[in-house]
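Participant: Handing over upload-v9.txt, compact mmCIF, N, CA and C atoms.
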# COMPACT_ATOMS: atom_id res chain seq x y z
N MET A 1 24.41 -7.67 20.71
CA MET A 1 25.23 -7.39 19.54
C MET A 1 25.32 -8.64 18.67
N ALA A 2 25.21 -8.46 17.36
CA ALA A 2 25.25 -9.58 16.43
C ALA A 2 26.67 -10.13 16.29
N LYS A 3 26.75 -11.43 16.15
CA LYS A 3 28.05 -12.08 16.00
C LYS A 3 28.35 -12.29 14.52
N GLY A 4 29.64 -12.31 14.18
CA GLY A 4 30.04 -12.59 12.81
C GLY A 4 30.48 -11.34 12.07
N HIS A 5 31.01 -11.57 10.88
CA HIS A 5 31.49 -10.46 10.05
C HIS A 5 30.30 -9.72 9.45
N ARG A 6 30.53 -8.46 9.09
CA ARG A 6 29.46 -7.62 8.57
C ARG A 6 28.81 -8.21 7.33
N SER A 7 29.61 -8.76 6.41
CA SER A 7 29.05 -9.35 5.20
C SER A 7 28.22 -10.60 5.51
N GLN A 8 28.64 -11.34 6.53
CA GLN A 8 27.88 -12.54 6.93
C GLN A 8 26.53 -12.14 7.51
N ILE A 9 26.52 -11.09 8.29
CA ILE A 9 25.27 -10.60 8.89
C ILE A 9 24.32 -10.14 7.79
N LYS A 10 24.87 -9.42 6.78
CA LYS A 10 24.03 -8.95 5.67
C LYS A 10 23.49 -10.13 4.87
N ARG A 11 24.30 -11.16 4.64
CA ARG A 11 23.88 -12.33 3.89
C ARG A 11 22.73 -13.03 4.59
N GLU A 12 22.82 -13.17 5.92
CA GLU A 12 21.76 -13.80 6.69
C GLU A 12 20.48 -12.98 6.66
N ARG A 13 20.62 -11.65 6.74
CA ARG A 13 19.45 -10.79 6.72
C ARG A 13 18.76 -10.84 5.36
N ASN A 14 19.53 -10.86 4.27
CA ASN A 14 18.95 -10.92 2.92
C ASN A 14 18.34 -12.27 2.61
N ALA A 15 18.80 -13.33 3.27
CA ALA A 15 18.24 -14.66 3.05
C ALA A 15 16.81 -14.75 3.58
N ASN A 16 16.48 -13.92 4.58
CA ASN A 16 15.15 -13.96 5.20
C ASN A 16 14.16 -13.00 4.53
N LYS A 17 14.55 -12.38 3.40
CA LYS A 17 13.67 -11.40 2.75
C LYS A 17 12.46 -12.07 2.12
N ASP A 18 11.37 -11.33 2.09
CA ASP A 18 10.13 -11.79 1.46
C ASP A 18 10.27 -11.65 -0.05
N THR A 19 10.09 -12.75 -0.79
CA THR A 19 10.27 -12.71 -2.24
C THR A 19 8.96 -12.51 -2.99
N ARG A 20 7.85 -12.34 -2.27
CA ARG A 20 6.58 -12.12 -2.94
C ARG A 20 6.57 -10.75 -3.61
N PRO A 21 5.93 -10.63 -4.78
CA PRO A 21 5.89 -9.32 -5.45
C PRO A 21 5.01 -8.35 -4.67
N SER A 22 5.46 -7.11 -4.60
CA SER A 22 4.71 -6.12 -3.83
C SER A 22 4.89 -4.74 -4.45
N ALA A 23 4.09 -3.81 -3.97
CA ALA A 23 4.20 -2.41 -4.37
C ALA A 23 3.80 -1.56 -3.17
N LYS A 24 4.46 -0.42 -3.03
CA LYS A 24 4.17 0.46 -1.90
C LYS A 24 4.00 1.89 -2.40
N LEU A 25 2.97 2.54 -1.89
CA LEU A 25 2.72 3.94 -2.19
C LEU A 25 2.91 4.72 -0.91
N SER A 26 3.93 5.58 -0.89
CA SER A 26 4.22 6.37 0.30
C SER A 26 3.62 7.76 0.16
N TYR A 27 3.23 8.34 1.27
CA TYR A 27 2.71 9.70 1.33
C TYR A 27 1.48 9.90 0.45
N ALA A 28 0.58 8.93 0.44
CA ALA A 28 -0.67 9.07 -0.31
C ALA A 28 -1.56 10.06 0.44
N ARG A 29 -2.14 11.02 -0.28
CA ARG A 29 -2.94 12.06 0.36
C ARG A 29 -4.37 11.57 0.62
N VAL A 30 -4.46 10.51 1.41
CA VAL A 30 -5.75 9.98 1.83
C VAL A 30 -5.54 9.42 3.22
N SER A 31 -6.53 9.54 4.07
CA SER A 31 -6.35 9.07 5.44
C SER A 31 -6.38 7.54 5.48
N VAL A 32 -5.82 6.99 6.53
CA VAL A 32 -5.73 5.54 6.69
C VAL A 32 -7.13 4.93 6.73
N GLN A 33 -8.06 5.57 7.44
CA GLN A 33 -9.40 5.04 7.57
C GLN A 33 -10.08 4.92 6.19
N LYS A 34 -9.93 5.96 5.36
CA LYS A 34 -10.57 5.95 4.05
C LYS A 34 -9.92 4.94 3.11
N ALA A 35 -8.61 4.78 3.23
CA ALA A 35 -7.92 3.79 2.41
C ALA A 35 -8.31 2.37 2.82
N CYS A 36 -8.51 2.16 4.11
CA CYS A 36 -8.84 0.82 4.61
C CYS A 36 -10.22 0.36 4.16
N PHE A 37 -11.15 1.26 3.92
CA PHE A 37 -12.46 0.87 3.39
C PHE A 37 -12.29 0.16 2.06
N VAL A 38 -11.42 0.69 1.21
CA VAL A 38 -11.20 0.10 -0.11
C VAL A 38 -10.36 -1.17 0.02
N LEU A 39 -9.32 -1.14 0.86
CA LEU A 39 -8.45 -2.30 1.01
C LEU A 39 -9.20 -3.51 1.56
N ASP A 40 -10.16 -3.28 2.46
CA ASP A 40 -10.94 -4.38 3.02
C ASP A 40 -11.79 -5.07 1.94
N ALA A 41 -12.19 -4.29 0.92
CA ALA A 41 -13.03 -4.85 -0.14
C ALA A 41 -12.26 -5.79 -1.06
N ILE A 42 -10.92 -5.61 -1.18
CA ILE A 42 -10.15 -6.41 -2.14
C ILE A 42 -9.23 -7.43 -1.47
N ARG A 43 -9.13 -7.42 -0.16
CA ARG A 43 -8.21 -8.32 0.53
C ARG A 43 -8.57 -9.78 0.28
N GLY A 44 -7.59 -10.58 -0.16
CA GLY A 44 -7.80 -12.01 -0.39
C GLY A 44 -8.39 -12.36 -1.74
N LYS A 45 -8.79 -11.36 -2.52
CA LYS A 45 -9.40 -11.62 -3.82
C LYS A 45 -8.31 -11.86 -4.88
N ASP A 46 -8.72 -12.50 -6.01
CA ASP A 46 -7.75 -12.62 -7.09
C ASP A 46 -7.65 -11.28 -7.82
N VAL A 47 -6.59 -11.14 -8.61
CA VAL A 47 -6.22 -9.84 -9.17
C VAL A 47 -7.28 -9.28 -10.12
N THR A 48 -7.86 -10.12 -10.97
CA THR A 48 -8.84 -9.62 -11.94
C THR A 48 -10.11 -9.14 -11.24
N THR A 49 -10.54 -9.87 -10.20
CA THR A 49 -11.72 -9.44 -9.43
C THR A 49 -11.44 -8.12 -8.72
N ALA A 50 -10.24 -8.01 -8.14
CA ALA A 50 -9.86 -6.78 -7.41
C ALA A 50 -9.82 -5.59 -8.35
N LEU A 51 -9.30 -5.77 -9.57
CA LEU A 51 -9.27 -4.66 -10.53
C LEU A 51 -10.68 -4.23 -10.91
N GLY A 52 -11.59 -5.19 -11.04
CA GLY A 52 -12.98 -4.86 -11.34
C GLY A 52 -13.64 -4.09 -10.21
N ILE A 53 -13.37 -4.51 -8.98
CA ILE A 53 -13.93 -3.80 -7.81
C ILE A 53 -13.40 -2.38 -7.75
N LEU A 54 -12.10 -2.21 -7.97
CA LEU A 54 -11.48 -0.89 -7.87
C LEU A 54 -11.93 0.04 -9.00
N THR A 55 -12.19 -0.53 -10.16
CA THR A 55 -12.61 0.30 -11.30
C THR A 55 -13.95 0.97 -11.04
N TYR A 56 -14.88 0.23 -10.41
CA TYR A 56 -16.23 0.77 -10.22
C TYR A 56 -16.51 1.25 -8.81
N ASN A 57 -15.48 1.34 -7.99
CA ASN A 57 -15.65 1.87 -6.63
C ASN A 57 -15.59 3.40 -6.71
N PRO A 58 -16.57 4.12 -6.17
CA PRO A 58 -16.58 5.58 -6.32
C PRO A 58 -15.60 6.33 -5.41
N ARG A 59 -14.98 5.66 -4.47
CA ARG A 59 -14.09 6.36 -3.54
C ARG A 59 -12.80 6.83 -4.22
N TYR A 60 -12.24 7.93 -3.71
CA TYR A 60 -11.00 8.48 -4.26
C TYR A 60 -9.83 7.52 -4.06
N ALA A 61 -9.80 6.85 -2.93
CA ALA A 61 -8.68 5.95 -2.61
C ALA A 61 -8.61 4.79 -3.60
N SER A 62 -9.74 4.42 -4.19
CA SER A 62 -9.74 3.27 -5.10
C SER A 62 -8.92 3.56 -6.36
N SER A 63 -8.87 4.81 -6.81
CA SER A 63 -8.06 5.14 -7.99
C SER A 63 -6.57 5.00 -7.67
N LEU A 64 -6.18 5.41 -6.46
CA LEU A 64 -4.78 5.26 -6.05
C LEU A 64 -4.40 3.79 -5.91
N ILE A 65 -5.27 3.02 -5.29
CA ILE A 65 -4.99 1.61 -5.03
C ILE A 65 -5.00 0.81 -6.33
N LYS A 66 -5.83 1.23 -7.30
CA LYS A 66 -5.86 0.54 -8.60
C LYS A 66 -4.51 0.68 -9.30
N LYS A 67 -3.95 1.89 -9.30
CA LYS A 67 -2.64 2.10 -9.91
C LYS A 67 -1.57 1.29 -9.18
N LEU A 68 -1.69 1.22 -7.86
CA LEU A 68 -0.73 0.47 -7.06
C LEU A 68 -0.82 -1.02 -7.36
N LEU A 69 -2.03 -1.52 -7.53
CA LEU A 69 -2.23 -2.94 -7.86
C LEU A 69 -1.66 -3.26 -9.24
N GLU A 70 -1.88 -2.37 -10.21
CA GLU A 70 -1.32 -2.58 -11.55
C GLU A 70 0.21 -2.59 -11.50
N SER A 71 0.79 -1.76 -10.64
CA SER A 71 2.24 -1.75 -10.47
C SER A 71 2.73 -3.06 -9.86
N ALA A 72 1.99 -3.58 -8.86
CA ALA A 72 2.37 -4.84 -8.23
C ALA A 72 2.28 -6.00 -9.23
N ILE A 73 1.27 -5.97 -10.10
CA ILE A 73 1.13 -7.01 -11.13
C ILE A 73 2.31 -6.95 -12.10
N ALA A 74 2.70 -5.74 -12.50
CA ALA A 74 3.84 -5.58 -13.39
C ALA A 74 5.13 -6.06 -12.73
N ASN A 75 5.28 -5.80 -11.42
CA ASN A 75 6.45 -6.30 -10.69
C ASN A 75 6.47 -7.82 -10.69
N ALA A 76 5.31 -8.43 -10.51
CA ALA A 76 5.24 -9.89 -10.47
C ALA A 76 5.62 -10.49 -11.82
N GLU A 77 5.16 -9.85 -12.91
CA GLU A 77 5.46 -10.37 -14.25
C GLU A 77 6.94 -10.19 -14.60
N ASN A 78 7.46 -8.98 -14.40
CA ASN A 78 8.81 -8.65 -14.86
C ASN A 78 9.90 -9.18 -13.94
N ASN A 79 9.71 -9.04 -12.64
CA ASN A 79 10.78 -9.42 -11.71
C ASN A 79 10.73 -10.89 -11.31
N ASN A 80 9.52 -11.44 -11.14
CA ASN A 80 9.39 -12.80 -10.64
C ASN A 80 8.93 -13.80 -11.69
N GLY A 81 8.54 -13.33 -12.88
CA GLY A 81 8.11 -14.22 -13.95
C GLY A 81 6.81 -14.95 -13.65
N MET A 82 5.92 -14.33 -12.88
CA MET A 82 4.64 -14.96 -12.55
C MET A 82 3.58 -14.55 -13.58
N SER A 83 2.56 -15.39 -13.74
CA SER A 83 1.47 -15.04 -14.65
C SER A 83 0.34 -14.39 -13.86
N PRO A 84 -0.28 -13.34 -14.39
CA PRO A 84 -1.31 -12.60 -13.65
C PRO A 84 -2.56 -13.41 -13.33
N GLU A 85 -2.81 -14.50 -14.07
CA GLU A 85 -4.02 -15.29 -13.83
C GLU A 85 -4.00 -15.98 -12.48
N ASN A 86 -2.80 -16.32 -12.00
CA ASN A 86 -2.68 -17.08 -10.75
C ASN A 86 -2.49 -16.19 -9.53
N LEU A 87 -2.41 -14.89 -9.71
CA LEU A 87 -2.09 -13.99 -8.59
C LEU A 87 -3.33 -13.64 -7.77
N TYR A 88 -3.12 -13.46 -6.47
CA TYR A 88 -4.16 -12.94 -5.59
C TYR A 88 -3.51 -11.99 -4.59
N ILE A 89 -4.34 -11.22 -3.91
CA ILE A 89 -3.83 -10.23 -2.96
C ILE A 89 -3.65 -10.92 -1.60
N ALA A 90 -2.40 -11.18 -1.25
CA ALA A 90 -2.09 -11.87 0.00
C ALA A 90 -2.20 -10.92 1.19
N GLU A 91 -1.63 -9.73 1.05
CA GLU A 91 -1.68 -8.72 2.12
C GLU A 91 -1.94 -7.36 1.51
N CYS A 92 -2.71 -6.55 2.21
CA CYS A 92 -2.85 -5.15 1.85
C CYS A 92 -3.18 -4.37 3.11
N TYR A 93 -2.42 -3.32 3.33
CA TYR A 93 -2.64 -2.53 4.55
C TYR A 93 -2.20 -1.10 4.33
N ALA A 94 -2.68 -0.22 5.18
CA ALA A 94 -2.33 1.19 5.13
C ALA A 94 -1.79 1.60 6.50
N ASN A 95 -0.62 2.19 6.50
CA ASN A 95 -0.02 2.69 7.73
C ASN A 95 -0.10 4.21 7.75
N LYS A 96 -0.08 4.76 8.95
CA LYS A 96 -0.20 6.21 9.12
C LYS A 96 1.07 6.91 8.66
N GLY A 97 0.89 7.97 7.87
CA GLY A 97 2.01 8.79 7.44
C GLY A 97 2.01 10.10 8.21
N PRO A 98 2.81 11.05 7.78
CA PRO A 98 2.84 12.35 8.46
C PRO A 98 1.54 13.12 8.22
N THR A 99 1.24 14.03 9.11
CA THR A 99 0.03 14.84 9.02
C THR A 99 0.42 16.29 8.74
N MET A 100 -0.19 16.88 7.70
CA MET A 100 0.04 18.30 7.43
C MET A 100 -0.93 19.10 8.29
N LYS A 101 -0.40 20.10 8.99
CA LYS A 101 -1.25 20.93 9.84
C LYS A 101 -1.54 22.24 9.12
N ARG A 102 -2.81 22.59 9.04
CA ARG A 102 -3.23 23.83 8.41
C ARG A 102 -4.12 24.59 9.39
N ILE A 103 -4.27 25.89 9.14
CA ILE A 103 -5.04 26.75 10.05
C ILE A 103 -6.28 27.25 9.32
N ARG A 104 -7.41 27.19 10.01
CA ARG A 104 -8.68 27.70 9.48
C ARG A 104 -9.08 28.90 10.33
N PRO A 105 -9.13 30.09 9.75
CA PRO A 105 -9.53 31.26 10.54
C PRO A 105 -11.00 31.16 10.96
N ARG A 106 -11.27 31.54 12.19
CA ARG A 106 -12.63 31.50 12.72
C ARG A 106 -12.99 32.88 13.29
N ALA A 107 -14.18 32.97 13.82
CA ALA A 107 -14.68 34.27 14.31
C ALA A 107 -13.87 34.74 15.51
N GLN A 108 -13.82 36.05 15.68
CA GLN A 108 -13.21 36.73 16.82
C GLN A 108 -11.73 36.37 16.97
N GLY A 109 -11.03 36.25 15.85
CA GLY A 109 -9.58 36.06 15.88
C GLY A 109 -9.11 34.66 16.24
N ARG A 110 -10.04 33.74 16.39
CA ARG A 110 -9.63 32.38 16.73
C ARG A 110 -9.13 31.65 15.48
N ALA A 111 -8.43 30.54 15.71
CA ALA A 111 -7.94 29.71 14.60
C ALA A 111 -8.17 28.25 14.96
N TYR A 112 -8.80 27.53 14.06
CA TYR A 112 -8.99 26.09 14.25
C TYR A 112 -7.95 25.36 13.40
N ARG A 113 -7.52 24.22 13.89
CA ARG A 113 -6.52 23.44 13.17
C ARG A 113 -7.21 22.43 12.25
N ILE A 114 -6.71 22.35 11.03
CA ILE A 114 -7.15 21.32 10.09
C ILE A 114 -5.99 20.35 9.92
N GLU A 115 -6.27 19.06 10.06
CA GLU A 115 -5.23 18.05 9.91
C GLU A 115 -5.46 17.30 8.60
N LYS A 116 -4.52 17.43 7.68
CA LYS A 116 -4.61 16.72 6.40
C LYS A 116 -3.72 15.49 6.51
N ARG A 117 -4.37 14.35 6.62
CA ARG A 117 -3.63 13.13 6.93
C ARG A 117 -3.10 12.44 5.67
N MET A 118 -1.99 11.73 5.85
CA MET A 118 -1.40 10.95 4.77
C MET A 118 -1.26 9.50 5.22
N SER A 119 -1.04 8.61 4.24
CA SER A 119 -0.87 7.21 4.59
C SER A 119 0.14 6.56 3.66
N HIS A 120 0.69 5.45 4.11
CA HIS A 120 1.58 4.62 3.31
C HIS A 120 0.82 3.32 3.04
N ILE A 121 0.52 3.05 1.77
CA ILE A 121 -0.29 1.89 1.39
C ILE A 121 0.62 0.82 0.80
N THR A 122 0.45 -0.42 1.25
CA THR A 122 1.27 -1.54 0.78
C THR A 122 0.38 -2.66 0.28
N LEU A 123 0.74 -3.22 -0.89
CA LEU A 123 0.05 -4.38 -1.47
C LEU A 123 1.07 -5.48 -1.69
N VAL A 124 0.75 -6.70 -1.24
CA VAL A 124 1.61 -7.86 -1.45
C VAL A 124 0.80 -8.93 -2.17
N LEU A 125 1.31 -9.39 -3.31
CA LEU A 125 0.64 -10.42 -4.09
C LEU A 125 1.28 -11.78 -3.84
N ASP A 126 0.58 -12.84 -4.20
CA ASP A 126 1.12 -14.19 -4.10
C ASP A 126 0.44 -15.07 -5.14
N GLU A 127 1.05 -16.21 -5.45
CA GLU A 127 0.48 -17.13 -6.42
C GLU A 127 -0.36 -18.18 -5.75
N ARG A 128 -1.46 -18.57 -6.41
CA ARG A 128 -2.31 -19.66 -5.89
C ARG A 128 -1.79 -20.97 -6.38
Can I see the file as structure tokens?
Facilitator:
Amino acid sequence: MAKGHRSQIKRERNANKDTRPSAKLSYARVSVQKACFVLDAIRGKDVTTALGILTYNPRYASSLIKKLLESAIANAENNNGMSPENLYIAECYANKGPTMKRIRPRAQGRAYRIEKRMSHITLVLDER
């Protein structure tokens, strides 16, 4: 059990928060594996290079991640007062979200299950 008053506990917890600009997309209709192909291509790159990669990447996940990256850049400019020229992608990862279960009718009255997977994608930027 934590010691101290409730407000003191909250103050200590908020002092340890990550102040880097970030953006999160929850319940993205793309599987984690497919999102990670695109995220691996931009991890550690600077923002302008990453936007170029995402613009010409043919995968569906790249369009989602491009919008997410633009949102993270806007967060960095408006909330933290950072300039986009110095930003790079410090962290990017996709976590597993809920799975929608659907039924596919098959021969002789059987039913196969189709799993439509979702993911939660997170981008964290930092200054060089």
Participant: Pick from A:Ala35, A:Leu68, A:Ile53, A:Cys92: nearest to Val124 of chain A, with all atoms listed in the file counted?
Facilitator: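 Of all the options, A:Cys92 lies closest to Val124 of chain A.
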Participant: How would you write, as JSON, numbers by chain, the set of residues in segment 15-122 of chain A that DSSP gives as alpha helix (DSSP H)?
Facilitator: {"A": [15, 32, 33, 34, 35, 36, 37, 38, 39, 40, 41, 42, 47, 48, 49, 50, 51, 52, 53, 54, 55, 60, 61, 62, 63, 64, 65, 66, 67, 68, 69, 70, 71, 72, 73, 74, 75, 76, 77, 78, 79, 80]}
Participant: If you run DSSP on the backbone here, which positions in segment 16-49 of chain A get strand (DSSP E)? Please write them as a list in words.
Facilitator: Ser22, Ala23, Lys24, Leu25, Ser26, Tyr27 and Ala28 of chain A
Participant: Fewer than 5 positions away in the same chain doesn't count, so skip those; otherwise give me all residues within 6.5 Å of Asp46 of chain A, counting only N, CA and C atoms, as an mmCIF file with N, CA and C atoms, keeping the file's coordinate frame.
Facilitator:
data_model
loop_
_atom_site.group_PDB
_atom_site.id
_atom_site.type_symbol
_atom_site.label_atom_id
_atom_site.label_comp_id
_atom_site.auth_asym_id
_atom_site.auth_seq_id
_atom_site.Cartn_x
_atom_site.Cartn_y
_atom_site.Cartn_z
ATOM 1 N N LEU A 51 -9.300 -5.770 -9.570
ATOM 2 C CA LEU A 51 -9.270 -4.660 -10.530
ATOM 3 C C LEU A 51 -10.680 -4.230 -10.910
ATOM 4 N N LEU A 87 -2.410 -14.890 -9.710
ATOM 5 C CA LEU A 87 -2.090 -13.990 -8.590
ATOM 6 C C LEU A 87 -3.330 -13.640 -7.770
ATOM 7 N N TYR A 88 -3.120 -13.460 -6.470
ATOM 8 C CA TYR A 88 -4.160 -12.940 -5.590
ATOM 9 C C TYR A 88 -3.510 -11.990 -4.590
ATOM 10 N N ILE A 89 -4.340 -11.220 -3.910
ATOM 11 C CA ILE A 89 -3.830 -10.230 -2.960
ATOM 12 C C ILE A 89 -3.650 -10.920 -1.600
#
Participant: Report, in Å with one decimal, the straight-line distance from atom CA of Glu77 of chain A to atom CA of Thr49 of chain A.
Facilitator: 17.9 Å
Participant: Give me the residues near Met118 of chain A as JSON, numbers by chain, where near means some atom within 7 Å (using only C-alpha atoms) and where sequence neighbours in that chain fewer than 4 positions away do not count.
Facilitator: {"A": [27, 28, 29, 30, 31, 96, 97, 98, 99]}
Participant: Is it possible to get the residues within 9 Å of (-1.1, 19.9, 11.2) (coordinates as in the file, counting only C-alpha atoms) written as a PDB file with N, CA and C atoms, in the coordinates of the input?
Facilitator:
ATOM      1  N   PRO A  98       2.810  11.050   7.780  1.00  0.00           N
ATOM      2  CA  PRO A  98       2.840  12.350   8.460  1.00  0.00           C
ATOM      3  C   PRO A  98       1.540  13.120   8.220  1.00  0.00           C
ATOM      4  N   THR A  99       1.240  14.030   9.110  1.00  0.00           N
ATOM      5  CA  THR A  99       0.030  14.840   9.020  1.00  0.00           C
ATOM      6  C   THR A  99       0.420  16.290   8.740  1.00  0.00           C
ATOM      7  N   MET A 100      -0.190  16.880   7.700  1.00  0.00           N
ATOM      8  CA  MET A 100       0.040  18.300   7.430  1.00  0.00           C
ATOM      9  C   MET A 100      -0.930  19.100   8.290  1.00  0.00           C
ATOM     10  N   LYS A 101      -0.400  20.100   8.990  1.00  0.00           N
ATOM     11  CA  LYS A 101      -1.250  20.930   9.840  1.00  0.00           C
ATOM     12  C   LYS A 101      -1.540  22.240   9.120  1.00  0.00           C
ATOM     13  N   ARG A 102      -2.810  22.590   9.040  1.00  0.00           N
ATOM     14  CA  ARG A 102      -3.230  23.830   8.410  1.00  0.00           C
ATOM     15  C   ARG A 102      -4.120  24.590   9.390  1.00  0.00           C
ATOM     16  N   ILE A 103      -4.270  25.890   9.140  1.00  0.00           N
ATOM     17  CA  ILE A 103      -5.040  26.750  10.050  1.00  0.00           C
ATOM     18  C   ILE A 103      -6.280  27.250   9.320  1.00  0.00           C
ATOM     19  N   ARG A 113      -7.520  24.220  13.890  1.00  0.00           N
ATOM     20  CA  ARG A 113      -6.520  23.440  13.170  1.00  0.00           C
ATOM     21  C   ARG A 113      -7.210  22.430  12.250  1.00  0.00           C
ATOM     22  N   ILE A 114      -6.710  22.350  11.030  1.00  0.00           N
ATOM     23  CA  ILE A 114      -7.150  21.320  10.090  1.00  0.00           C
ATOM     24  C   ILE A 114      -5.990  20.350   9.920  1.00  0.00           C
ATOM     25  N   GLU A 115      -6.270  19.060  10.060  1.00  0.00           N
ATOM     26  CA  GLU A 115      -5.230  18.050   9.910  1.00  0.00           C
ATOM     27  C   GLU A 115      -5.460  17.300   8.600  1.00  0.00           C
ATOM     28  N   LYS A 116      -4.520  17.430   7.680  1.00  0.00           N
ATOM     29  CA  LYS A 116      -4.610  16.720   6.400  1.00  0.00           C
ATOM     30  C   LYS A 116      -3.720  15.490   6.510  1.00  0.00           C
ATOM     31  N   ARG A 117      -4.370  14.350   6.620  1.00  0.00           N
ATOM     32  CA  ARG A 117      -3.630  13.130   6.930  1.00  0.00           C
ATOM     33  C   ARG A 117      -3.100  12.440   5.670  1.00  0.00           C
TER      34      ARG A 117
END
Participant: When you draw a straight line from atom C of Val47 of chain A to atom N of Met82 of chain A, how long is it in Å?
Facilitator: 14.4 Å
Participant: Go through A:Glu127, A:Ala72, A:Gly109, A:Gln33 and flag the residue nearest Asn95 of chain A, using only C-alpha atoms for the distances.
Facilitator: A:Gln33
Participant: Using atom N of Arg106 of chain A and atom C of Tyr60 of chain A as the two end points, give the distance in Å to one decimal.
Facilitator: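 Here the two named atoms are 29.0 Å from each other.
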Participant: Determine the nearest neighbour of Glu91 of chain A from the options A:Arg104, A:Lys24, A:Arg110, A:Lys3, counting only C-alpha atoms.
Facilitator: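 Going through A:Arg104, A:Lys24, A:Arg110, A:Lys3 one by one, the smallest distance to Glu91 of chain A is for A:Lys24.
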Participant: I'd like to know which of A:Leu54, A:Asp18, A:Ile73, A:Leu64 is closest to Ala41 of chain A, using all atoms listed in the file.
Facilitator: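 The shortest atom-to-atom distance to Ala41 of chain A comes from A:Leu54.
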Participant: Which neighbours of Ser71 of chain A fall inside 8 Å, counting all atoms listed in the file, when residues of the same chain fewer than 3 positions from it are skipped, and could you give them as a VMD selection string?
Facilitator: chain A and resid 21 to 24 65 to 68 74 to 77
Participant: Using only C-alpha atoms, which residues sit within 9 Å of Ala94 of chain A once same-chain residues fewer than 6 positions away are excluded, as a PyMOL selection string?
Facilitator: chain A and resi 31-33+35-36+39+119-123
